[in-house]
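Pasting input_14.cif here (mmCIF, C-alpha atoms):
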```cif
data_start
#
loop_
_atom_site.group_PDB
_atom_site.id
_atom_site.type_symbol
_atom_site.label_atom_id
_atom_site.label_comp_id
_atom_site.auth_asym_id
_atom_site.auth_seq_id
_atom_site.Cartn_x
_atom_site.Cartn_y
_atom_site.Cartn_z
ATOM 1 C CA MET L 1 0.000 0.000 0.000
ATOM 2 C CA GLN L 2 1.385 3.411 -1.028
ATOM 3 C CA LYS L 3 2.119 5.770 1.831
ATOM 4 C CA LEU L 4 0.383 9.122 1.963
ATOM 5 C CA PHE L 5 2.560 12.074 0.974
ATOM 6 C CA LEU L 6 1.580 14.211 3.977
ATOM 7 C CA GLU L 7 -0.097 13.017 7.166
ATOM 8 C CA ILE L 8 -0.900 15.338 10.047
ATOM 9 C CA LYS L 9 -1.948 13.326 13.077
ATOM 10 C CA ASN L 10 -3.473 14.692 16.292
ATOM 11 C CA LEU L 11 -1.700 18.023 15.917
ATOM 12 C CA HIS L 12 -2.049 20.440 18.828
ATOM 13 C CA VAL L 13 -0.536 23.917 18.651
ATOM 14 C CA LEU L 14 -0.675 26.187 21.682
ATOM 15 C CA TYR L 15 0.792 29.580 22.446
ATOM 16 C CA LYS L 16 2.093 30.560 25.870
ATOM 17 C CA THR L 17 1.333 34.246 26.390
ATOM 18 C CA VAL L 18 1.126 36.745 29.242
ATOM 19 C CA ASN L 19 -2.652 36.232 29.162
ATOM 20 C CA GLY L 20 -2.381 32.475 29.530
ATOM 21 C CA ILE L 21 -2.300 29.472 27.207
ATOM 22 C CA SER L 22 -4.112 29.697 23.885
ATOM 23 C CA VAL L 23 -4.813 26.403 22.033
ATOM 24 C CA VAL L 24 -5.026 27.388 18.359
ATOM 25 C CA LEU L 25 -5.060 23.944 16.705
ATOM 26 C CA ASP L 26 -6.834 21.185 18.595
ATOM 27 C CA ASN L 27 -6.509 17.528 17.549
ATOM 28 C CA PHE L 28 -6.013 18.479 13.899
ATOM 29 C CA ASN L 29 -5.766 15.689 11.301
ATOM 30 C CA LEU L 30 -5.165 15.905 7.560
ATOM 31 C CA SER L 31 -3.989 13.457 4.887
ATOM 32 C CA ILE L 32 -2.875 14.520 1.404
ATOM 33 C CA ASP L 33 -1.748 12.368 -1.522
ATOM 34 C CA LYS L 34 1.121 13.370 -3.802
ATOM 35 C CA GLY L 35 0.040 15.931 -6.416
ATOM 36 C CA GLU L 36 -3.203 16.937 -4.674
ATOM 37 C CA THR L 37 -4.290 20.513 -4.043
ATOM 38 C CA VAL L 38 -6.160 21.162 -0.790
ATOM 39 C CA ALA L 39 -7.609 24.551 0.146
ATOM 40 C CA ILE L 40 -7.902 25.622 3.791
ATOM 41 C CA VAL L 41 -10.736 28.141 4.210
ATOM 42 C CA GLY L 42 -11.920 30.212 7.167
ATOM 43 C CA GLU L 43 -12.218 33.671 8.647
ATOM 44 C CA SER L 44 -9.226 35.514 10.092
ATOM 45 C CA GLY L 45 -8.279 33.922 13.405
ATOM 46 C CA SER L 46 -9.412 30.410 12.504
ATOM 47 C CA GLY L 47 -5.902 28.912 12.716
ATOM 48 C CA LYS L 48 -5.156 28.620 8.975
ATOM 49 C CA SER L 49 -1.795 30.399 9.003
ATOM 50 C CA THR L 50 -0.784 28.608 12.212
ATOM 51 C CA LEU L 51 -1.207 25.342 10.310
ATOM 52 C CA GLY L 52 1.163 26.564 7.594
ATOM 53 C CA GLY L 53 3.649 27.721 10.206
ATOM 54 C CA ALA L 54 3.449 24.368 11.986
ATOM 55 C CA ILE L 55 4.196 22.398 8.803
ATOM 56 C CA THR L 56 7.207 24.593 7.999
ATOM 57 C CA ARG L 57 8.214 24.892 11.678
ATOM 58 C CA LEU L 58 8.255 28.662 11.409
ATOM 59 C CA LEU L 59 6.027 29.403 14.396
ATOM 60 C CA PRO L 60 7.287 31.839 17.058
ATOM 61 C CA SER L 61 9.168 30.547 20.090
ATOM 62 C CA SER L 62 6.031 30.985 22.232
ATOM 63 C CA ALA L 63 4.340 28.172 20.273
ATOM 64 C CA GLU L 64 4.391 24.536 21.303
ATOM 65 C CA GLU L 65 3.518 21.701 18.895
ATOM 66 C CA LYS L 66 2.400 18.193 19.790
ATOM 67 C CA GLY L 67 1.433 15.379 17.452
ATOM 68 C CA GLU L 68 2.893 14.247 14.151
ATOM 69 C CA ILE L 69 3.517 15.909 10.784
ATOM 70 C CA VAL L 70 4.761 13.133 8.525
ATOM 71 C CA LEU L 71 6.139 14.273 5.148
ATOM 72 C CA ASN L 72 7.314 11.524 2.799
ATOM 73 C CA GLY L 73 7.478 9.122 5.740
ATOM 74 C CA LYS L 74 9.506 11.479 7.988
ATOM 75 C CA ASP L 75 8.048 13.178 11.085
ATOM 76 C CA ILE L 76 9.356 16.725 10.683
ATOM 77 C CA LEU L 77 8.462 17.626 14.279
ATOM 78 C CA LYS L 78 11.145 15.198 15.480
ATOM 79 C CA ILE L 79 14.069 16.229 13.284
ATOM 80 C CA SER L 80 16.760 18.755 14.212
ATOM 81 C CA GLU L 81 16.575 22.414 13.193
ATOM 82 C CA ASP L 82 19.600 21.898 10.910
ATOM 83 C CA ASP L 83 17.794 19.095 9.062
ATOM 84 C CA MET L 84 14.628 21.198 8.904
ATOM 85 C CA THR L 85 16.605 24.066 7.359
ATOM 86 C CA LEU L 86 17.596 21.727 4.514
ATOM 87 C CA ILE L 87 13.941 20.749 3.983
ATOM 88 C CA ARG L 88 12.635 24.326 3.859
ATOM 89 C CA GLY L 89 12.837 25.720 0.362
ATOM 90 C CA THR L 90 13.602 22.355 -1.208
ATOM 91 C CA SER L 91 11.016 19.821 0.022
ATOM 92 C CA ILE L 92 8.687 22.516 1.442
ATOM 93 C CA PHE L 93 8.264 26.063 0.155
ATOM 94 C CA MET L 94 5.900 28.658 1.628
ATOM 95 C CA ILE L 95 4.461 31.727 -0.093
ATOM 96 C CA PHE L 96 3.501 34.220 2.605
ATOM 97 C CA GLN L 97 0.552 36.606 2.587
ATOM 98 C CA ASN L 98 3.086 39.446 2.443
ATOM 99 C CA PRO L 99 5.527 38.284 -0.265
ATOM 100 C CA LEU L 100 8.183 40.751 0.954
ATOM 101 C CA ASN L 101 8.665 38.358 3.884
ATOM 102 C CA SER L 102 10.134 35.859 1.413
ATOM 103 C CA LEU L 103 12.716 38.214 -0.105
ATOM 104 C CA ASN L 104 15.799 39.977 1.248
ATOM 105 C CA PRO L 105 15.227 43.749 0.836
ATOM 106 C CA VAL L 106 18.945 44.529 0.340
ATOM 107 C CA LYS L 107 19.575 41.929 -2.390
ATOM 108 C CA THR L 108 18.419 42.197 -6.000
ATOM 109 C CA VAL L 109 15.750 39.867 -7.301
ATOM 110 C CA GLY L 110 18.280 38.289 -9.658
ATOM 111 C CA PHE L 111 20.805 37.588 -6.892
ATOM 112 C CA GLN L 112 18.163 35.824 -4.784
ATOM 113 C CA LEU L 113 16.765 33.774 -7.655
ATOM 114 C CA MET L 114 20.265 32.750 -8.726
ATOM 115 C CA GLU L 115 20.895 31.516 -5.168
ATOM 116 C CA ALA L 116 17.763 29.367 -5.478
ATOM 117 C CA GLU L 117 18.877 28.098 -8.901
ATOM 118 C CA LYS L 118 22.292 27.149 -7.470
ATOM 119 C CA ILE L 119 20.569 25.141 -4.721
ATOM 120 C CA ARG L 120 18.608 23.202 -7.331
ATOM 121 C CA VAL L 121 21.693 22.687 -9.532
ATOM 122 C CA GLU L 122 23.594 21.275 -6.545
ATOM 123 C CA ARG L 123 20.621 19.123 -5.529
ATOM 124 C CA ASP L 124 20.279 17.700 -9.047
ATOM 125 C CA LYS L 125 24.076 17.199 -9.300
ATOM 126 C CA LYS L 126 24.397 19.361 -12.418
ATOM 127 C CA THR L 127 27.138 21.722 -13.546
ATOM 128 C CA LEU L 128 26.152 25.141 -14.913
ATOM 129 C CA THR L 129 28.117 28.340 -15.503
ATOM 130 C CA GLU L 130 27.007 31.674 -13.980
ATOM 131 C CA ASP L 131 25.641 32.766 -17.363
ATOM 132 C CA GLU L 132 23.669 29.544 -17.747
ATOM 133 C CA ILE L 133 22.241 29.948 -14.245
ATOM 134 C CA LYS L 134 21.244 33.537 -15.050
ATOM 135 C CA ASN L 135 19.563 32.415 -18.278
ATOM 136 C CA GLU L 136 17.604 29.771 -16.347
ATOM 137 C CA VAL L 137 16.428 32.423 -13.863
ATOM 138 C CA ILE L 138 15.319 34.812 -16.610
ATOM 139 C CA ALA L 139 13.493 31.956 -18.343
ATOM 140 C CA ASN L 140 11.561 31.301 -15.126
ATOM 141 C CA LEU L 141 10.712 35.001 -14.784
ATOM 142 C CA GLU L 142 9.264 34.780 -18.298
ATOM 143 C CA LEU L 143 7.244 31.706 -17.285
ATOM 144 C CA VAL L 144 5.503 33.696 -14.528
ATOM 145 C CA ARG L 145 4.615 36.317 -17.155
ATOM 146 C CA LEU L 146 6.684 39.181 -15.805
ATOM 147 C CA PRO L 147 7.244 41.900 -18.424
ATOM 148 C CA ASP L 148 10.889 42.678 -19.252
ATOM 149 C CA PRO L 149 12.386 39.957 -17.007
ATOM 150 C CA GLU L 150 15.950 41.227 -17.450
ATOM 151 C CA GLN L 151 14.918 44.548 -15.913
ATOM 152 C CA ILE L 152 13.114 42.754 -13.056
ATOM 153 C CA PHE L 153 16.279 40.662 -12.538
ATOM 154 C CA ASN L 154 18.290 43.783 -11.653
ATOM 155 C CA ARG L 155 15.714 45.417 -9.381
ATOM 156 C CA TYR L 156 15.342 45.336 -5.610
ATOM 157 C CA PRO L 157 12.073 44.054 -4.065
ATOM 158 C CA HIS L 158 10.936 47.557 -3.000
ATOM 159 C CA GLU L 159 11.066 48.660 -6.640
ATOM 160 C CA LEU L 160 8.368 46.168 -7.644
ATOM 161 C CA SER L 161 4.593 46.143 -7.212
ATOM 162 C CA GLY L 162 2.839 43.637 -4.962
ATOM 163 C CA GLY L 163 1.770 41.531 -7.945
ATOM 164 C CA GLN L 164 5.295 41.513 -9.376
ATOM 165 C CA ILE L 165 6.810 40.487 -6.036
ATOM 166 C CA GLN L 166 4.291 37.666 -5.687
ATOM 167 C CA ARG L 167 5.206 36.379 -9.139
ATOM 168 C CA VAL L 168 8.918 36.596 -8.289
ATOM 169 C CA VAL L 169 8.258 34.386 -5.255
ATOM 170 C CA ILE L 170 6.318 31.945 -7.451
ATOM 171 C CA ALA L 171 9.298 31.965 -9.862
ATOM 172 C CA MET L 172 11.462 30.949 -6.896
ATOM 173 C CA ALA L 173 9.080 28.065 -6.198
ATOM 174 C CA LEU L 174 9.240 27.160 -9.887
ATOM 175 C CA ILE L 175 13.048 27.116 -9.732
ATOM 176 C CA LEU L 176 13.233 25.022 -6.549
ATOM 177 C CA ARG L 177 10.296 22.736 -7.443
ATOM 178 C CA PRO L 178 9.542 21.641 -3.868
ATOM 179 C CA ASP L 179 7.434 18.584 -3.142
ATOM 180 C CA LEU L 180 5.007 20.690 -1.086
ATOM 181 C CA LEU L 181 4.010 24.304 -1.725
ATOM 182 C CA ILE L 182 2.085 26.165 0.987
ATOM 183 C CA ALA L 183 0.451 29.350 -0.321
ATOM 184 C CA ASP L 184 -0.847 31.509 2.546
ATOM 185 C CA GLU L 185 -3.354 34.055 1.195
ATOM 186 C CA PRO L 186 -1.136 34.663 -1.875
ATOM 187 C CA THR L 187 -3.675 36.860 -3.692
ATOM 188 C CA THR L 188 -5.120 39.003 -0.878
ATOM 189 C CA ALA L 189 -3.399 42.285 -1.792
ATOM 190 C CA LEU L 190 -3.703 41.849 -5.572
ATOM 191 C CA ASP L 191 -6.263 43.197 -8.016
ATOM 192 C CA VAL L 192 -8.625 40.771 -9.756
ATOM 193 C CA THR L 193 -6.594 40.489 -12.979
ATOM 194 C CA ILE L 194 -3.300 39.718 -11.216
ATOM 195 C CA GLN L 195 -5.149 37.448 -8.808
ATOM 196 C CA ALA L 196 -6.322 35.309 -11.726
ATOM 197 C CA GLN L 197 -2.787 35.149 -13.130
ATOM 198 C CA VAL L 198 -1.364 33.990 -9.788
ATOM 199 C CA ILE L 199 -4.050 31.281 -9.458
ATOM 200 C CA ASN L 200 -3.296 30.041 -12.987
ATOM 201 C CA LEU L 201 0.427 29.940 -12.219
ATOM 202 C CA LEU L 202 -0.149 27.858 -9.091
ATOM 203 C CA LYS L 203 -2.389 25.465 -11.015
ATOM 204 C CA GLU L 204 0.322 25.084 -13.659
ATOM 205 C CA LEU L 205 2.873 24.215 -10.959
ATOM 206 C CA ASN L 206 0.534 21.500 -9.737
ATOM 207 C CA LYS L 207 -0.226 20.161 -13.217
ATOM 208 C CA ASN L 208 3.217 20.375 -14.834
ATOM 209 C CA TYR L 209 5.399 19.322 -11.906
ATOM 210 C CA GLY L 210 3.036 17.268 -9.738
ATOM 211 C CA MET L 211 3.587 19.737 -6.904
ATOM 212 C CA THR L 212 1.364 19.185 -3.870
ATOM 213 C CA ILE L 213 -0.266 22.471 -2.820
ATOM 214 C CA ILE L 214 -1.928 23.643 0.390
ATOM 215 C CA PHE L 215 -3.782 26.826 -0.525
ATOM 216 C CA ILE L 216 -4.791 28.959 2.482
ATOM 217 C CA THR L 217 -7.530 31.529 1.891
ATOM 218 C CA HIS L 218 -10.570 33.242 3.401
ATOM 219 C CA ASP L 219 -12.288 33.224 -0.022
ATOM 220 C CA LEU L 220 -14.390 30.115 -0.648
ATOM 221 C CA SER L 221 -14.837 30.975 -4.343
ATOM 222 C CA LEU L 222 -11.034 31.038 -4.806
ATOM 223 C CA ALA L 223 -10.743 27.719 -2.988
ATOM 224 C CA TYR L 224 -13.300 26.198 -5.364
ATOM 225 C CA VAL L 225 -11.330 27.348 -8.416
ATOM 226 C CA MET L 226 -7.966 26.267 -7.019
ATOM 227 C CA ALA L 227 -8.376 22.981 -5.152
ATOM 228 C CA ASN L 228 -9.513 19.373 -5.486
ATOM 229 C CA ASP L 229 -10.615 19.281 -1.840
ATOM 230 C CA VAL L 230 -11.628 22.065 0.537
ATOM 231 C CA MET L 231 -11.261 22.102 4.321
ATOM 232 C CA VAL L 232 -13.303 24.668 6.248
ATOM 233 C CA MET L 233 -11.779 25.713 9.581
ATOM 234 C CA TYR L 234 -13.235 27.561 12.553
ATOM 235 C CA ALA L 235 -11.630 28.237 15.944
ATOM 236 C CA GLY L 236 -8.746 25.860 15.206
ATOM 237 C CA ARG L 237 -11.027 22.983 14.242
ATOM 238 C CA ILE L 238 -12.005 21.272 11.010
ATOM 239 C CA MET L 239 -15.696 21.997 10.478
ATOM 240 C CA GLU L 240 -16.067 20.388 7.061
ATOM 241 C CA PHE L 241 -13.822 18.580 4.592
ATOM 242 C CA ASN L 242 -15.165 17.702 1.160
ATOM 243 C CA GLU L 243 -14.565 17.844 -2.576
ATOM 244 C CA SER L 244 -14.624 21.409 -3.869
ATOM 245 C CA ASN L 245 -17.645 20.730 -6.084
ATOM 246 C CA SER L 246 -19.616 19.275 -3.165
ATOM 247 C CA ILE L 247 -18.608 22.114 -0.831
ATOM 248 C CA VAL L 248 -20.113 24.642 -3.248
ATOM 249 C CA SER L 249 -23.137 22.685 -4.515
ATOM 250 C CA LYS L 250 -24.094 20.839 -1.295
ATOM 251 C CA PRO L 251 -22.453 22.472 1.741
ATOM 252 C CA ALA L 252 -23.145 20.512 4.917
ATOM 253 C CA HIS L 253 -21.999 22.524 7.940
ATOM 254 C CA PRO L 254 -23.999 25.662 8.872
ATOM 255 C CA TYR L 255 -20.727 27.623 8.914
ATOM 256 C CA THR L 256 -19.894 26.573 5.335
ATOM 257 C CA ILE L 257 -23.432 27.506 4.262
ATOM 258 C CA SER L 258 -23.013 30.925 5.879
ATOM 259 C CA LEU L 259 -19.640 31.487 4.186
ATOM 260 C CA LEU L 260 -21.185 30.732 0.799
ATOM 261 C CA LYS L 261 -24.083 33.084 1.468
ATOM 262 C CA SER L 262 -21.560 35.806 2.281
ATOM 263 C CA VAL L 263 -20.074 35.682 -1.238
ATOM 264 C CA PRO L 264 -21.646 38.699 -3.035
ATOM 265 C CA THR L 265 -22.906 36.912 -6.165
ATOM 266 C CA ASP L 266 -26.041 38.066 -8.025
ATOM 267 C CA TYR L 267 -26.092 41.209 -5.912
ATOM 268 C CA LYS L 268 -28.959 43.570 -6.720
ATOM 269 C CA GLY L 269 -28.826 47.238 -5.847
ATOM 270 C CA GLY L 270 -30.826 48.109 -2.743
ATOM 271 C CA SER L 271 -30.679 44.598 -1.252
ATOM 272 C CA ARG L 272 -28.658 43.802 1.856
ATOM 273 C CA LEU L 273 -25.528 41.692 1.642
ATOM 274 C CA TYR L 274 -25.581 38.597 3.841
ATOM 275 C CA TYR L 275 -23.141 38.493 6.755
ATOM 276 C CA ILE L 276 -22.517 36.112 9.633
ATOM 277 C CA LEU L 277 -23.643 37.613 12.918
ATOM 278 C CA GLY L 278 -21.057 38.041 15.653
ATOM 279 C CA SER L 279 -17.300 37.534 15.477
ATOM 280 C CA PRO L 280 -14.969 34.532 15.655
ATOM 281 C CA PRO L 281 -14.331 33.631 19.304
ATOM 282 C CA SER L 282 -11.120 34.396 21.163
ATOM 283 C CA PHE L 283 -8.926 31.344 21.711
ATOM 284 C CA PHE L 284 -8.691 32.460 25.358
ATOM 285 C CA SER L 285 -12.463 32.127 25.867
ATOM 286 C CA LEU L 286 -13.866 29.548 23.471
ATOM 287 C CA PRO L 287 -17.581 28.787 23.936
ATOM 288 C CA ARG L 288 -18.696 25.526 25.462
ATOM 289 C CA GLY L 289 -19.901 22.849 23.068
ATOM 290 C CA CYS L 290 -19.695 23.525 19.331
ATOM 291 C CA LYS L 291 -17.427 26.525 18.862
ATOM 292 C CA PHE L 292 -19.745 27.963 16.186
ATOM 293 C CA ASN L 293 -22.917 27.644 18.272
ATOM 294 C CA PRO L 294 -23.212 31.359 19.340
ATOM 295 C CA ARG L 295 -23.407 32.376 15.656
ATOM 296 C CA CYS L 296 -25.304 29.372 14.247
ATOM 297 C CA ASP L 297 -28.924 29.661 13.052
ATOM 298 C CA LYS L 298 -29.455 25.888 13.431
ATOM 299 C CA VAL L 299 -28.222 25.604 17.008
ATOM 300 C CA PHE L 300 -30.028 23.376 19.519
ATOM 301 C CA GLU L 301 -29.355 22.471 23.151
ATOM 302 C CA LYS L 302 -26.815 19.686 22.556
ATOM 303 C CA CYS L 303 -24.665 22.099 20.502
ATOM 304 C CA ARG L 304 -24.302 24.369 23.554
ATOM 305 C CA VAL L 305 -23.067 21.694 25.961
ATOM 306 C CA GLN L 306 -21.101 19.113 23.961
ATOM 307 C CA GLU L 307 -18.620 19.611 21.131
ATOM 308 C CA PRO L 308 -19.371 17.373 18.129
ATOM 309 C CA THR L 309 -16.808 14.982 16.705
ATOM 310 C CA LEU L 310 -16.074 14.695 12.995
ATOM 311 C CA PHE L 311 -18.717 12.549 11.321
ATOM 312 C CA THR L 312 -17.821 10.742 8.098
ATOM 313 C CA MET L 313 -19.967 11.709 5.112
ATOM 314 C CA LYS L 314 -18.375 9.646 2.339
ATOM 315 C CA GLY L 315 -14.967 8.043 2.143
ATOM 316 C CA LYS L 316 -12.424 10.453 3.627
ATOM 317 C CA TYR L 317 -14.810 13.429 3.790
ATOM 318 C CA GLU L 318 -16.109 14.712 7.114
ATOM 319 C CA VAL L 319 -18.302 17.248 8.898
ATOM 320 C CA ARG L 320 -18.277 18.414 12.546
ATOM 321 C CA CYS L 321 -21.952 19.006 13.366
ATOM 322 C CA TRP L 322 -24.570 17.290 15.531
ATOM 323 C CA LEU L 323 -27.039 17.510 12.632
ATOM 324 C CA PHE L 324 -25.092 14.636 11.045
ATOM 325 C CA GLU L 325 -24.851 12.413 14.112
#
```
Same coordinates, now as structure tokens:
Amino acid sequence: MQKLFLEIKNLHVLYKTVNGISVVLDNFNLSIDKGETVAIVGESGSGKSTLGGAITRLLPSSAEEKGEIVLNGKDILKISEDDMTLIRGTSIFMIFQNPLNSLNPVKTVGFQLMEAEKIRVERDKKTLTEDEIKNEVIANLELVRLPDPEQIFNRYPHELSGGQIQRVVIAMALILRPDLLIADEPTTALDVTIQAQVINLLKELNKNYGMTIIFITHDLSLAYVMANDVMVMYAGRIMEFNESNSIVSKPAHPYTISLLKSVPTDYKGGSRLYYILGSPPSFFSLPRGCKFNPRCDKVFEKCRVQEPTLFTMKGKYEVRCWLFE
């Protein structure tokens, strides 16, 4: 039997702060096959970015992780920081919400991309001259549809727009070709046209190189376009996990239904946009029972006193709601 590419088992992530202990991910489980694209969806504060940080081991020192994150048969929570440094950027690559976090502000784009190209050349045991490496970098800048790539090559990150920087970071991922790409809200600060280009680039990485992608977003419509499967998170918990088509056509959890209603499609002037009442709960004072119950329009007494487990809908797909007991 073929092993799963990525298995997250009983992952708990907590932060120790001056206000006490905050459990952000609670008994989190996820399995992904090689070449799959999974979208993680939820409001701000649901724990999505913490998941990305846990997989890359880039969480702050105040965080504590328990459980297993098994990548290609290796539990990355148990390896040394030196070994993890070798994995980051080669086996795992993360695109941050603010792409400037991925680039050195005092080095040119070309210098940084050539460093990435040299890592891949060494990894693949090839021999290339400096000119050949530069040509490879410029070719990858062309692949991400950056105009005048030679000019971009010589610029510093602060001289580029947000969309250009994001595409430079994707070019770096293209150069390194990691096994797993984690994209954390990669299109949030971009206009609609550039957003579509970035999504298409990520889909090409998945299709052409078999790259496994975890796509983190608050936008359910983007998740539908991008991913095979969609996981909806709330208060550090999986609320629903299903195929993207099923999530959109037949959402199961009341939270997923509310998120879909909040997408402003078929809006008519004068009508009111739908919104979910209330705010996501603080991790320091989570409600008893189902964590969504104070905002849920289908709540009943059991929801207020006992937290539901994940109920299997079909195969590997699940929903956390007492309506499906």
Residues of stretch 33-120 of chain L within 8 Å of stretch 279-289 of chain L: nearest atom pair and distance (Å, one decimal) for each, counting all atoms listed in the file, sorted by chain and number, as CSV?
```
residue,atom,partner,partner_atom,distance
L:Glu43,CA,L:Pro280,CA,7.6
L:Gly45,CA,L:Pro280,CA,7.1
L:Ser46,CA,L:Pro280,CA,7.6
```
List, as a ChimeraX atom specification, every residue that the PyMOL selection byres ((chain L and resi 37) around 12) selects in the file provided.
-> /L:5-6,31-36,38-40,179-183,202-207,210-216,223-231,243-244
Write the selection just made, keeping C-alpha atoms, as a PDB file, keeping the file's coordinate frame?
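Wrote it out as result_11.pdb, contents follow:
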```pdb
ATOM      1  CA  PHE L   5       2.560  12.074   0.974  1.00  0.00           C
ATOM      2  CA  LEU L   6       1.580  14.211   3.977  1.00  0.00           C
ATOM      3  CA  SER L  31      -3.989  13.457   4.887  1.00  0.00           C
ATOM      4  CA  ILE L  32      -2.875  14.520   1.404  1.00  0.00           C
ATOM      5  CA  ASP L  33      -1.748  12.368  -1.522  1.00  0.00           C
ATOM      6  CA  LYS L  34       1.121  13.370  -3.802  1.00  0.00           C
ATOM      7  CA  GLY L  35       0.040  15.931  -6.416  1.00  0.00           C
ATOM      8  CA  GLU L  36      -3.203  16.937  -4.674  1.00  0.00           C
ATOM      9  CA  VAL L  38      -6.160  21.162  -0.790  1.00  0.00           C
ATOM     10  CA  ALA L  39      -7.609  24.551   0.146  1.00  0.00           C
ATOM     11  CA  ILE L  40      -7.902  25.622   3.791  1.00  0.00           C
ATOM     12  CA  ASP L 179       7.434  18.584  -3.142  1.00  0.00           C
ATOM     13  CA  LEU L 180       5.007  20.690  -1.086  1.00  0.00           C
ATOM     14  CA  LEU L 181       4.010  24.304  -1.725  1.00  0.00           C
ATOM     15  CA  ILE L 182       2.085  26.165   0.987  1.00  0.00           C
ATOM     16  CA  ALA L 183       0.451  29.350  -0.321  1.00  0.00           C
ATOM     17  CA  LEU L 202      -0.149  27.858  -9.091  1.00  0.00           C
ATOM     18  CA  LYS L 203      -2.389  25.465 -11.015  1.00  0.00           C
ATOM     19  CA  GLU L 204       0.322  25.084 -13.659  1.00  0.00           C
ATOM     20  CA  LEU L 205       2.873  24.215 -10.959  1.00  0.00           C
ATOM     21  CA  ASN L 206       0.534  21.500  -9.737  1.00  0.00           C
ATOM     22  CA  LYS L 207      -0.226  20.161 -13.217  1.00  0.00           C
ATOM     23  CA  GLY L 210       3.036  17.268  -9.738  1.00  0.00           C
ATOM     24  CA  MET L 211       3.587  19.737  -6.904  1.00  0.00           C
ATOM     25  CA  THR L 212       1.364  19.185  -3.870  1.00  0.00           C
ATOM     26  CA  ILE L 213      -0.266  22.471  -2.820  1.00  0.00           C
ATOM     27  CA  ILE L 214      -1.928  23.643   0.390  1.00  0.00           C
ATOM     28  CA  PHE L 215      -3.782  26.826  -0.525  1.00  0.00           C
ATOM     29  CA  ILE L 216      -4.791  28.959   2.482  1.00  0.00           C
ATOM     30  CA  ALA L 223     -10.743  27.719  -2.988  1.00  0.00           C
ATOM     31  CA  TYR L 224     -13.300  26.198  -5.364  1.00  0.00           C
ATOM     32  CA  VAL L 225     -11.330  27.348  -8.416  1.00  0.00           C
ATOM     33  CA  MET L 226      -7.966  26.267  -7.019  1.00  0.00           C
ATOM     34  CA  ALA L 227      -8.376  22.981  -5.152  1.00  0.00           C
ATOM     35  CA  ASN L 228      -9.513  19.373  -5.486  1.00  0.00           C
ATOM     36  CA  ASP L 229     -10.615  19.281  -1.840  1.00  0.00           C
ATOM     37  CA  VAL L 230     -11.628  22.065   0.537  1.00  0.00           C
ATOM     38  CA  MET L 231     -11.261  22.102   4.321  1.00  0.00           C
ATOM     39  CA  GLU L 243     -14.565  17.844  -2.576  1.00  0.00           C
ATOM     40  CA  SER L 244     -14.624  21.409  -3.869  1.00  0.00           C
TER      41      SER L 244
END
```
If you count only C-alpha atoms, which residues fall within 12 Å of L:Lys78, apart from same-chain ones fewer than 5 positions away, as a list in words?
->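 Listed by chain and then number, they are Arg57, Glu65, Lys66, Gly67, Glu68, Ile69, Val70, Leu71, Asp83 and Met84 of chain L.
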Enumerate, as a PyMOL selection string, the residues matched when the PyMOL selection byres ((chain L and resi 313) around 12) is run on the file above.
-> chain L and resi 240-243+246+250-253+310-312+314-321+323-325
Point-to-point distance from atom CA of L:Val305 to atom CA of L:Val232, Å rounded to tenths |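 These atoms are spaced 22.2 Å apart.
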Exercise on stretch 34-50 of chain L, axis-aligned box with 5 Å per side, report centre and edge lengths in Å to one decimal, as lines of an AutoDock Vina configuration file:
```
center_x = -5.5
center_y = 24.4
center_z = 3.5
size_x = 23.3
size_y = 32.1
size_z = 29.8
```
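In this comparison, which uses all atoms listed in the file, the residue of L:Thr90, L:Thr17, L:Ser161, L:Gln151 approaching L:Arg123 most closely is L:Thr90.
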If you apply the PyMOL selection byres ((chain L and resi 120) around 12) to this file, what residues do you get, as a compact mmCIF listing (two decimals) with C-alpha atoms, keeping the file's coordinate frame?
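File selection-v7.txt, as written:
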```txt
# COMPACT_ATOMS: atom_id res chain seq x y z
CA LEU L 86 17.60 21.73 4.51
CA GLY L 89 12.84 25.72 0.36
CA THR L 90 13.60 22.36 -1.21
CA SER L 91 11.02 19.82 0.02
CA LEU L 113 16.76 33.77 -7.66
CA MET L 114 20.26 32.75 -8.73
CA GLU L 115 20.90 31.52 -5.17
CA ALA L 116 17.76 29.37 -5.48
CA GLU L 117 18.88 28.10 -8.90
CA LYS L 118 22.29 27.15 -7.47
CA ILE L 119 20.57 25.14 -4.72
CA VAL L 121 21.69 22.69 -9.53
CA GLU L 122 23.59 21.28 -6.54
CA ARG L 123 20.62 19.12 -5.53
CA ASP L 124 20.28 17.70 -9.05
CA LYS L 125 24.08 17.20 -9.30
CA LYS L 126 24.40 19.36 -12.42
CA THR L 127 27.14 21.72 -13.55
CA LEU L 128 26.15 25.14 -14.91
CA ILE L 133 22.24 29.95 -14.24
CA GLU L 136 17.60 29.77 -16.35
CA VAL L 137 16.43 32.42 -13.86
CA MET L 172 11.46 30.95 -6.90
CA ALA L 173 9.08 28.06 -6.20
CA LEU L 174 9.24 27.16 -9.89
CA ILE L 175 13.05 27.12 -9.73
CA LEU L 176 13.23 25.02 -6.55
CA ARG L 177 10.30 22.74 -7.44
CA PRO L 178 9.54 21.64 -3.87
```
